[in-house]
Amino acid sequence: MIKLILGALSSIFLIVSITIIYYWRDIQYDPSSLDLLSYFIVLPLVLSLILLSPYLIYQAYHAYKLRKQQQAIALLEQQSNKEIPEANEKVENVKCLNLHIFSSSAFSAFGENEAIIDEMKNFKSPELDHSLTNGDGLPVLSYRITALDNVLEQQNDEEEMEEKQERLQRILALIQHQLEQQSEILLQVAEHLKQSAFFYDSELAYQYRMHTAWNNLDFSVSDPTSNEEKGELQVEQIPRLNRLNIHILLSDSLLHVWNEHFSEKMLLNFMQSLGIISQHMHIEHYFINQQSSYENWLNLLKKISTQSHEVSLMINVDSEIDQEWLDEKIWLSDHYLATEFASSWCVAAQDLKINDAEPIKSLKIAFNVHDLAACLDQAVPHHAEYTQHEQPFVLVLNDATDIRVIKQTNQIFAPILIETYHLLYTQQNFGHTQSLAKIFSFMLGVHMPKDLIAMVH
């Protein structure tokens with residue numbers, strides 16, 4: 001931002017100075033000290049301010065939005081702290097969130113979905129990147145999704161994509177990939193939203209009749225007898241569904257470069273192609289840092305668990321496969337390891353039903369757990385049989401190289417006979433791309449083997 005302001009100021013000063021000097025020379029004008037101050041100082045500053053005002057307003061808006069988001073998080077933290085019992089109480093009440101996951105997808109350099117778990121078990125290492133280099137011009141290691149390169153090559157002819165940095169191109173392509181992976185469940189959501197509108201909202205019902213995806217159908221529920229005589233399609237009464245919420249989770253390093261308008265336009269076009277009108281959608285972007293990512297994630301899941309008439313599509317995506325970005329990071333670490341990944345959920349509160357769709361997983365999140373054995377006895381009565389397996393079924397999101405973390409984790413799981421080989425540490429599989437790594441690992445838990453209970457710690 002400072003470079004841009006200085007560059008604009010310098011350029012305008014140079015242009016104005018050259019113009020004024022040549023003009024005064026031609027007319028043989030003898031400027032006073034006031035003229036020099038006005039034309040060489042004040043005029044360049046005013047022109048620079050006029051030229052940069054749209055950019056400065058845009059930056060101020062994003063700073064205001066980020067501050068409001070931080071205030072909301074602080075308020076949730078304050079409310080959460082009020083709920084915690086006094087420290088001298090020996091036992092705290094365990095509080096749980098219950099949600100249903102209707103669809104899930106994950107994509108990384110390890111593959112997709114279950115394949116990622118298998119590669120993590122095999123300790124897959126990063127590979128030499130074919131285009132990223134260090135300060136000496138030598139190839140560096142990375143977790144690049146090579147399949148994404150072919151997609152981007154096909155998009156290089158599009159003017160909009162050519163104007164963007166490589167990192168932004170890859171993130172947009174990953175978002176598009178996740179939308180395509182969720183298209184089946186989104187079609188079912190679209191059908192449910194449409195039918196719900198015909199029962200509960202006459203204005204939205206009219207919008208659906210006008211929509212190109214549904215204009216070949218004539219829905220009416222006011223007079224069943226007359227509808228049958230007219231040959232109109234009947235709609236059975238269904239549970240109410242008010243809205244599809246789309247949550248895009250991005251790294252905070254994208255805050256000042258991400259084009260929310262372009263992103264929202266892409267999402268709206270995709271959803272409308274499936275038959276979902278814009279009035280039934282709410283799109284929100286989150287720019288998350290590494291320190292608060294897990295807390296922000298849990299707060300968002302808390303919010304979703306209270307929305308009994310809304311379904312949410314969550315897309316978590318990050319990429320650092322970009323030479324310009326890597327050049328900045330190499331100053332901090334000579335062996336910076338860049339990664340890219342994307343994951344998505346279609347998730348809703350436990351009491352929400354989607355027509356013709358059954359949840360693939362039930363998600364239970366427990367807070368204030370001090371007696372893990374008692375908690376598991378209540379949630380999973382036969383959890384002891386899973387410890388007989390040698391496969392890992394507990395995803396640990398903390399750093400496996402931290403001795404204190406390992407000791408603490410072993411102390412927690414030892415009483416319930418969960419051994420170290422039951423634990424799968426995930427952090428080291430994301431190199432230095434850690435802003436959203438814990439969220440990705442959490443979402444990856446859905447793809448654990450179906451014959452095992454999946455736990456995330």
# chains A, B, ... in the order shown; residues from 1 in each chain; ligands from 1

$ residues_around --residues "Ile304 (chain A)" --least-positions-apart "4" --cutoff "10 Å" --atoms "only C-alpha atoms" --output "list in words"
Leu97, Asn98, Leu99, Asn245, Leu298, Asn299, Leu300, Ser308, Glu310, Val311, Ser312, Val347, Ala348, Ala349 and Gln350 of chain A

$ select_by_dssp --residues "region 262-399 of chain A" --states "strand (DSSP E or B)" --output "VMD selection string"
chain A and resid 281 to 288 310 to 319 338 to 349 354 357 361 to 367 394 to 396

$ write_last_selection --atoms "C-alpha atoms" --output "CSV table (one decimal), in the first residue's frame"
chain,number,residue,atom,x,y,z
A,281,MET,CA,-28.3,-17.2,-0.9
A,282,HIS,CA,-26.0,-15.4,1.6
A,283,ILE,CA,-22.3,-15.3,0.8
A,284,GLU,CA,-19.7,-14.4,3.4
A,285,HIS,CA,-15.9,-14.3,3.3
A,286,TYR,CA,-13.7,-14.9,6.3
A,287,PHE,CA,-10.0,-13.9,6.4
A,288,ILE,CA,-8.5,-16.1,9.1
A,310,GLU,CA,-30.8,-22.8,6.9
A,311,VAL,CA,-28.1,-25.1,5.3
A,312,SER,CA,-24.5,-24.0,4.9
A,313,LEU,CA,-21.8,-24.7,2.3
A,314,MET,CA,-18.4,-24.2,3.8
A,315,ILE,CA,-15.3,-23.9,1.5
A,316,ASN,CA,-11.9,-23.8,3.1
A,317,VAL,CA,-9.1,-23.1,0.6
A,318,ASP,CA,-5.5,-21.8,0.5
A,319,SER,CA,-2.6,-21.9,-1.8
A,338,ALA,CA,4.6,-24.0,0.2
A,339,THR,CA,1.3,-26.0,0.1
A,340,GLU,CA,-2.1,-25.8,-1.4
A,341,PHE,CA,-5.4,-27.5,-0.4
A,342,ALA,CA,-9.2,-27.2,-0.4
A,343,SER,CA,-12.0,-28.7,1.5
A,344,SER,CA,-15.8,-28.2,1.7
A,345,TRP,CA,-18.8,-29.3,3.7
A,346,CYS,CA,-22.5,-29.1,3.2
A,347,VAL,CA,-23.5,-29.0,6.8
A,348,ALA,CA,-26.6,-28.0,8.9
A,349,ALA,CA,-28.1,-28.2,12.3
A,354,ILE,CA,-33.1,-32.0,3.2
A,357,ALA,CA,-30.7,-36.4,1.1
A,361,LYS,CA,-21.9,-38.2,9.1
A,362,SER,CA,-23.1,-36.9,12.4
A,363,LEU,CA,-20.7,-34.4,14.0
A,364,LYS,CA,-20.6,-34.0,17.8
A,365,ILE,CA,-18.2,-31.4,19.2
A,366,ALA,CA,-17.6,-31.6,23.0
A,367,PHE,CA,-16.4,-28.6,25.1
A,394,VAL,CA,-7.7,-39.9,16.0
A,395,LEU,CA,-6.5,-36.8,14.1
A,396,VAL,CA,-4.3,-34.6,16.2

$ residues_around --residues "Leu47 (chain A)" --least-positions-apart "2" --cutoff "12 Å" --atoms "only C-alpha atoms" --output "list in words"
Ile5, Ala8, Leu9, Ser10, Ser11, Ile12, Phe13, Ile15, Val16, Tyr39, Phe40, Ile41, Val42, Leu43, Pro44, Leu45, Leu49, Ile50, Leu51, Leu52 and Ser53 of chain A

$ select_by_dssp --residues "region 135-179 of chain A" --states "alpha helix (DSSP H)" --output "number ranges by chain"
A: 146-155, 159-162, 166-179

$ residues_around --residues "Leu337 (chain A)" --least-positions-apart "6" --cutoff "6 Å" --atoms "only C-alpha atoms" --output "list in words"
Ser142, Gly431 and His432 of chain A

$ write_last_selection --atoms "N, CA, C and O atoms" --output "tab-separated table (two decimals), in the first residue's frame"
chain	number	residue	atom	x	y	z
A	142	SER	N	7.71	-28.61	-2.59
A	142	SER	CA	6.38	-28.05	-2.36
A	142	SER	C	5.36	-29.18	-2.38
A	142	SER	O	5.63	-30.28	-2.86
A	431	GLY	N	3.38	-28.20	5.46
A	431	GLY	CA	4.53	-27.32	5.34
A	431	GLY	C	4.39	-26.08	6.19
A	431	GLY	O	4.02	-26.14	7.37
A	432	HIS	N	4.65	-24.92	5.58
A	432	HIS	CA	4.52	-23.64	6.28
A	432	HIS	C	3.19	-22.96	5.98
A	432	HIS	O	2.96	-21.85	6.47

$ residues_around --residues "region 104-121 of chain A" --least-positions-apart "6" --cutoff "9 Å" --atoms "only C-alpha atoms" --output "VMD selection string"
chain A and resid 143 to 147 174 177 to 178 181 to 182 339 to 347 360 392 424 to 426 429 440 443 to 449

$ write_last_selection --atoms "C-alpha atoms" --output "short mmCIF file (atom, residue, chain, number, x, y, z; two decimals), in the first residue's frame"
data_model
loop_
_atom_site.label_atom_id
_atom_site.label_comp_id
_atom_site.auth_asym_id
_atom_site.auth_seq_id
_atom_site.Cartn_x
_atom_site.Cartn_y
_atom_site.Cartn_z
CA TYR A 143 3.04 -29.75 -1.97
CA ARG A 144 1.70 -28.68 -5.39
CA ILE A 145 -1.55 -30.12 -6.75
CA THR A 146 -0.32 -31.03 -10.22
CA ALA A 147 -3.83 -31.79 -11.48
CA LEU A 174 -9.80 -24.71 -6.11
CA HIS A 177 -13.39 -27.51 -8.02
CA GLN A 178 -15.10 -27.73 -4.63
CA GLN A 181 -17.74 -31.66 -6.08
CA GLN A 182 -20.75 -30.37 -4.11
CA THR A 339 1.34 -26.01 0.09
CA GLU A 340 -2.15 -25.79 -1.37
CA PHE A 341 -5.38 -27.52 -0.40
CA ALA A 342 -9.16 -27.16 -0.42
CA SER A 343 -12.02 -28.74 1.48
CA SER A 344 -15.76 -28.24 1.68
CA TRP A 345 -18.77 -29.33 3.69
CA CYS A 346 -22.50 -29.12 3.20
CA VAL A 347 -23.53 -28.96 6.85
CA ILE A 360 -23.21 -38.96 5.60
CA PRO A 392 -5.14 -44.58 13.44
CA LEU A 424 -2.34 -39.33 13.25
CA TYR A 425 -0.62 -35.93 13.48
CA THR A 426 -1.55 -33.71 10.55
CA ASN A 429 1.67 -32.37 6.12
CA PHE A 440 -8.67 -28.58 6.69
CA MET A 443 -12.86 -31.38 7.83
CA LEU A 444 -10.68 -34.29 6.71
CA GLY A 445 -11.91 -36.31 9.70
CA VAL A 446 -15.11 -37.08 7.76
CA HIS A 447 -13.04 -39.20 5.38
CA MET A 448 -11.61 -41.54 8.00
CA PRO A 449 -12.40 -45.24 7.38
#

$ residues_around --residues "Leu397 (chain A)" --least-positions-apart "6" --cutoff "8 Å" --atoms "only C-alpha atoms" --output "PyMOL selection string"
chain A and resi 425-427+438+441-442+456-457

$ residues_around --residues "Ser435 (chain A)" --least-positions-apart "2" --cutoff "7 Å" --atoms "only C-alpha atoms" --output "list in words"
Ser251, Ile288, Asn289, Gln290, Ser293, Thr433 and Ala437 of chain A

$ closest_residue --among "A:Gln59, A:Ser33, A:Ser125, A:Gln188" --to "Asn355 (chain A)" --atoms "only C-alpha atoms"
A:Gln188
